[in-house]
Every structure is written in structure tokens, then in C-alpha cells.
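Asks: model_16.cif (mmCIF, C-alpha atoms) pasted underneath:
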```
data_data
#
loop_
_atom_site.label_atom_id
_atom_site.label_comp_id
_atom_site.auth_asym_id
_atom_site.auth_seq_id
_atom_site.Cartn_x
_atom_site.Cartn_y
_atom_site.Cartn_z
CA MET A 1 17.94 -79.78 21.54
CA SER A 2 14.98 -78.33 20.19
CA GLU A 3 13.64 -75.30 21.74
CA GLU A 4 10.14 -74.40 21.31
CA LEU A 5 9.39 -70.78 20.46
CA GLU A 6 6.74 -69.03 22.41
CA PRO A 7 4.02 -67.29 20.45
CA LEU A 8 4.32 -63.51 20.24
CA PRO A 9 1.94 -61.48 22.31
CA GLN A 10 -1.02 -60.19 20.34
CA ALA A 11 0.06 -56.56 20.79
CA LEU A 12 3.22 -57.23 18.79
CA GLU A 13 1.41 -59.02 16.03
CA ASN A 14 -0.87 -56.04 15.19
CA PRO A 15 0.94 -52.94 16.38
CA ALA A 16 -1.05 -49.68 16.54
CA PRO A 17 -0.07 -47.02 13.97
CA PRO A 18 2.64 -44.76 15.34
CA ALA A 19 1.64 -41.29 16.53
CA PRO A 20 2.87 -38.48 14.29
CA PRO A 21 6.24 -37.27 15.42
CA LEU A 22 6.34 -34.11 17.46
CA ILE A 23 8.59 -32.49 14.87
CA ARG A 24 5.75 -32.48 12.33
CA LYS A 25 3.51 -30.59 14.74
CA LYS A 26 6.23 -28.06 15.45
CA PHE A 27 6.92 -27.58 11.75
CA LEU A 28 3.23 -27.07 11.05
CA ALA A 29 2.91 -24.57 13.90
CA VAL A 30 5.98 -22.60 12.77
CA THR A 31 4.77 -22.59 9.16
CA LEU A 32 1.30 -21.36 10.08
CA PHE A 33 2.71 -18.71 12.41
CA SER A 34 5.11 -17.50 9.68
CA ALA A 35 2.29 -17.34 7.14
CA LEU A 36 0.17 -15.32 9.56
CA ILE A 37 3.03 -12.88 10.20
CA CYS A 38 3.69 -12.46 6.45
CA PHE A 39 -0.01 -11.96 5.71
CA SER A 40 -0.34 -9.36 8.48
CA PHE A 41 2.86 -7.58 7.42
CA PHE A 42 1.79 -7.21 3.79
CA LYS A 43 -1.89 -6.56 4.51
CA PHE A 44 -1.62 -4.02 7.31
CA TRP A 45 1.87 -2.52 7.03
CA PHE A 46 3.58 -2.70 3.62
CA MET A 47 1.04 -3.27 0.87
CA PRO A 48 2.61 -4.12 -2.50
CA VAL A 49 1.39 -1.91 -5.36
CA LYS A 50 2.08 -1.85 -9.08
CA ILE A 51 2.18 1.43 -10.97
CA LEU A 52 -0.24 1.32 -13.91
CA GLY A 53 -0.15 4.18 -16.36
CA GLU A 54 2.02 7.20 -16.98
CA SER A 55 0.45 9.72 -14.57
CA MET A 56 3.41 9.56 -12.13
CA TYR A 57 6.12 9.61 -14.83
CA PRO A 58 9.08 10.39 -14.52
CA THR A 59 9.14 9.67 -10.76
CA TYR A 60 7.52 6.24 -11.09
CA ARG A 61 7.42 4.32 -14.35
CA ASN A 62 4.57 2.21 -15.67
CA GLY A 63 4.80 -1.39 -14.46
CA THR A 64 7.19 -0.80 -11.54
CA ARG A 65 6.38 -2.27 -8.15
CA HIS A 66 6.58 -0.43 -4.85
CA PHE A 67 5.26 -0.67 -1.32
CA LEU A 68 2.60 1.42 0.36
CA ASN A 69 3.41 2.02 4.04
CA ARG A 70 -0.02 1.87 5.60
CA MET A 71 1.28 2.89 9.02
CA ALA A 72 3.04 6.07 7.83
CA TYR A 73 0.23 8.36 8.91
CA TRP A 74 -0.83 6.71 12.14
CA SER A 75 1.12 9.22 14.22
CA LYS A 76 1.53 12.17 11.83
CA ASP A 77 -0.40 13.88 9.08
CA PRO A 78 0.42 13.67 5.36
CA GLN A 79 2.78 16.40 4.15
CA ARG A 80 3.04 18.40 0.95
CA GLY A 81 5.18 16.48 -1.55
CA ASP A 82 4.37 13.00 -0.18
CA VAL A 83 3.49 10.37 -2.75
CA VAL A 84 0.48 8.52 -1.41
CA GLY A 85 -1.92 5.74 -2.25
CA VAL A 86 -5.50 6.96 -2.47
CA ARG A 87 -8.62 4.79 -2.56
CA ALA A 88 -11.09 6.20 -5.10
CA PRO A 89 -14.86 5.96 -4.57
CA ASP A 90 -15.02 3.22 -7.23
CA GLY A 91 -12.51 1.12 -5.23
CA ASP A 92 -9.47 1.72 -7.46
CA LEU A 93 -6.12 2.62 -5.92
CA TYR A 94 -4.38 5.71 -7.30
CA ILE A 95 -0.80 6.78 -6.66
CA LYS A 96 -0.57 10.59 -6.55
CA ARG A 97 1.44 13.44 -4.98
CA ILE A 98 -0.01 15.72 -2.29
CA VAL A 99 0.27 19.38 -3.32
CA GLY A 100 -2.42 20.96 -1.16
CA LEU A 101 -2.95 20.62 2.59
CA PRO A 102 -6.08 21.31 4.67
CA GLY A 103 -6.98 24.99 4.56
CA ASP A 104 -4.90 25.74 1.44
CA ILE A 105 -6.38 27.60 -1.50
CA VAL A 106 -5.67 25.67 -4.71
CA GLU A 107 -6.23 26.77 -8.27
CA ILE A 108 -5.06 25.99 -11.76
CA ARG A 109 -4.79 29.09 -13.90
CA ASP A 110 -2.99 29.70 -17.19
CA GLY A 111 -1.62 26.16 -17.12
CA THR A 112 -0.02 26.69 -13.70
CA LEU A 113 -0.74 25.06 -10.36
CA ILE A 114 -1.09 27.75 -7.69
CA VAL A 115 -1.27 27.00 -3.96
CA ASN A 116 -2.02 29.88 -1.55
CA ASP A 117 -1.47 32.47 -4.31
CA GLN A 118 2.03 31.15 -5.03
CA ARG A 119 3.08 29.19 -8.08
CA LEU A 120 4.00 25.71 -6.93
CA ASP A 121 7.76 25.40 -7.32
CA ASP A 122 7.84 21.84 -8.53
CA PRO A 123 10.33 20.16 -10.88
CA GLN A 124 7.49 18.13 -12.42
CA GLN A 125 5.56 21.28 -13.27
CA ALA A 126 4.13 20.99 -16.76
CA PRO A 127 1.42 23.07 -18.39
CA LEU A 128 -1.98 21.91 -17.21
CA GLN A 129 -4.65 21.81 -19.86
CA ARG A 130 -7.60 22.49 -17.55
CA VAL A 131 -8.77 25.17 -15.15
CA TYR A 132 -9.61 24.61 -11.49
CA GLY A 133 -10.66 26.78 -8.56
CA PRO A 134 -9.71 28.77 -6.70
CA SER A 135 -10.96 26.43 -4.02
CA ARG A 136 -10.21 26.30 -0.29
CA LEU A 137 -9.60 22.78 0.99
CA GLY A 138 -11.62 21.61 3.97
CA LYS A 139 -10.10 20.72 7.35
CA ASP A 140 -9.60 17.07 6.34
CA GLU A 141 -9.00 17.53 2.60
CA TYR A 142 -5.81 17.16 0.59
CA PHE A 143 -5.27 18.10 -3.05
CA ILE A 144 -3.54 15.38 -5.07
CA ILE A 145 -2.16 15.27 -8.59
CA GLY A 146 0.17 13.04 -10.60
CA ASP A 147 3.70 14.10 -11.53
CA ASN A 148 2.96 13.90 -15.25
CA ARG A 149 0.74 16.99 -15.05
CA PHE A 150 -0.10 16.95 -18.74
CA ILE A 151 -2.20 13.75 -18.48
CA SER A 152 -2.82 13.31 -14.76
CA VAL A 153 -6.11 13.60 -12.94
CA TYR A 154 -6.30 15.80 -9.87
CA ALA A 155 -8.80 16.28 -7.10
CA PRO A 156 -9.30 17.16 -3.47
CA VAL A 157 -9.62 13.98 -1.41
CA PRO A 158 -10.70 13.38 2.19
CA ARG A 159 -8.07 12.23 4.70
CA GLU A 160 -9.74 8.82 5.13
CA SER A 161 -9.15 8.05 1.43
CA ILE A 162 -5.37 8.27 1.87
CA LEU A 163 -4.19 4.73 2.62
CA GLY A 164 -0.49 5.41 3.15
CA LYS A 165 2.78 6.67 1.80
CA ILE A 166 4.74 5.08 -1.07
CA VAL A 167 8.17 3.78 -0.06
CA LEU A 168 10.86 2.02 -2.11
#
```
Please express what this file holds, its structure, as C-alpha cells.
Replies:
Amino acid sequence: MSEELEPLPQALENPAPPAPPLIRKKFLAVTLFSALICFSFFKFWFMPVKILGESMYPTYRNGTRHFLNRMAYWSKDPQRGDVVGVRAPDGDLYIKRIVGLPGDIVEIRDGTLIVNDQRLDDPQQAPLQRVYGPSRLGKDEYFIIGDNRFISVYAPVPRESILGKIVL
């Protein structure tokens, strides 16, 4: 009773490599889509920023991290008191508070910040060491200054330099 075995077909002897499973393609697609969403979210909506320096003390401390809402001013204009991210001409990003709006007259006199002939009632008010103005802001200009008035820089900036509003 000997049975003779038939030779295997050639296709079974050298099988072709298996195609990658469909689950790998789905995983790759979901991963790439998630990465694109995260990149877009943090690039165009909430940009992470790190506070460097003491110019916004005591509101924001040196080394703390926050987010800049880049869509905050798409449908409305910046307001007095908003803390904003401003792109300087040299490319640096500054975090400052808006104290003057378009058309306002801003001056620094006797160590006091004065907007439209009224002393700015501001809890962060500290004696300013320099003199400025009086100067009327243009139709697209905002006057910004840090909360630590003793050491902060200040300047009128054009609307297009304001990147967004600080949140968190």
C-alpha cells in the first residue's frame, strides 16, 4: 500500500510575498490625517508661545507657556486691555498689552501713561522712566506696552503686526 505523492504545483513551492494588510494602510492614513490636523491647529489657530523676560510681570511670568489664538481677530478688532502677540520688524514675537486704539492720543508724561487726556487707570501702572508724545495713533495703529512698565518697551504698531490674542 504505497501511495505515491503528487508533486506540489509550482505556485505553492514559491509563493508570492503577501500584500500588506489593509489595516496598515488605514493606520497610516489615520496617522497622517491626525498629524495634518494637529499641525494646522497649532500653526494657524493656537500657536504655542513661551514668555521670555520680565516685561509682562506680574501677569505672565518668565518661562511660562501660553497659547496665541491666531483667529481671535478675524471677525473683530483688538480691544484695549487685550494681551496680544506682536511680530516685530526683526521677526521676534513680543507679548504686550494694548493700551491705545486707532485714533487715540497717547502720551507718557511725568511717569504716567495718558490716553485721550486721561490717566490710564491700570493696576499695573508703574512710573515710566521715559517721555513719549503726545501722539495720535493712525487708523490702523495700536499702542502696546508690557505690564512691567518700569522695564517694558512700548510703541505704536500697525494692525497687521498683531498676530493674535493670548489665551490660557
Asks: Which residue, A:Thr59, A:Ser161, A:Ser40, A:Ser34, has the smallest gap to Ile144 in chain A when you use all atoms listed in the file?
Replies: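 Using all atoms listed in the file, Ile144 in chain A sits closest to A:Ser161.
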Asks: So that each row is one residue of range 29-95 of chain A with an atom at most 10 Å from range 136-142 of chain A, can you give its shortest atom pair and the distance in Å to one decimal, using all atoms listed in the file, rows by chain and rising number, as CSV?
Replies:
```
residue,atom,partner,partner_atom,distance
A:Pro78,CA,A:Tyr142,CA,8.6
A:Gln79,CA,A:Tyr142,CA,9.3
A:Arg80,CA,A:Tyr142,CA,8.9
```
Asks: Could you check how far CA of Thr31 in chain A sits from CA of Arg65 in chain A, in Å to one decimal?
Replies: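 CA of Arg65 in chain A lies 26.7 Å from CA of Thr31 in chain A.
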Asks: Find, counting all atoms listed in the file, the residue in A:Gly103, A:Pro134, A:Gly85, A:Gly111 that gets nearest to Phe150 in chain A.
Replies: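 Residue with the minimum atom-to-atom distance to Phe150 in chain A: A:Gly111.
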Asks: Please write the residues picked by the PyMOL selection byres ((chain A and resi 108) around 10) on this file as an NGL selection string.
Replies: :A and (106-107 or 109-115 or 119 or 127-135)
Asks: Could you put an axis-aligned box around every listed atom of range 74-83 of chain A, padded by 6 Å on each side, and send me its centre and edge lengths in Å to one decimal, as JSON?
Replies:
```
{"center_x": 2.2, "center_y": 12.6, "center_z": 5.7, "size_x": 18.0, "size_y": 23.7, "size_z": 29.0}
```
Asks: Of the candidates A:Lys96, A:Val167, A:Lys43, A:Ala72, which one gets nearest to Tyr57 in chain A if we count all atoms listed in the file?
Replies: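 When distances to Tyr57 in chain A are compared using all atoms listed in the file, the smallest one comes from A:Lys96.
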Asks: Would you mind reading off the distance between CA of Arg61 in chain A and CA of Ile166 in chain A, one decimal, in Å?
Replies: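 We find that CA of Arg61 in chain A and CA of Ile166 in chain A lie 13.6 Å from each other.
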Asks: What's the separation between CA of Asp77 in chain A and CA of Pro156 in chain A, in Å to one decimal place?
Replies: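 Calculated distance between CA of Asp77 in chain A and CA of Pro156 in chain A is 15.7 Å.
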Asks: Can you turn the PyMOL selection byres ((chain A and resi 64) around 10) into a concrete residue list for this file, as a list in words?
Replies: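 Output of the PyMOL selection byres ((chain A and resi 64) around 10): Val49, Lys50, Ile51, Leu52, Tyr60, Arg61, Asn62, Gly63, Arg65 and His66 of chain A.
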Asks: Of the residues A:Val157, A:Leu120, A:Leu93, A:Ile98, which is the one nearest to Leu68 in chain A, using only C-alpha atoms?
Replies: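 Under the stated criterion, the closest residue is A:Leu93.
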Asks: Kindly resolve the PyMOL selection byres ((chain A and resi 162) around 7) on the present coordinates and return the residues as a list in words.
Replies: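 Matching residues under the PyMOL selection byres ((chain A and resi 162) around 7) are Val84, Gly85, Val86, Arg87, Arg159, Glu160, Ser161, Leu163 and Gly164 of chain A.
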Asks: Taking all atoms listed in the file into account, which of A:Ile145, A:Met71, A:Ala155, A:Leu168 comes nearest Ser55 in chain A?
Replies: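 Ranking A:Ile145, A:Met71, A:Ala155, A:Leu168 by distance to Ser55 in chain A, first place goes to A:Ile145.
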Asks: Which one of A:Asn69, A:Arg97, A:Phe143, A:Pro158 sits closest to Phe46 in chain A if you count all atoms listed in the file?
Replies: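 Using all atoms listed in the file, the shortest distance to Phe46 in chain A belongs to A:Asn69.
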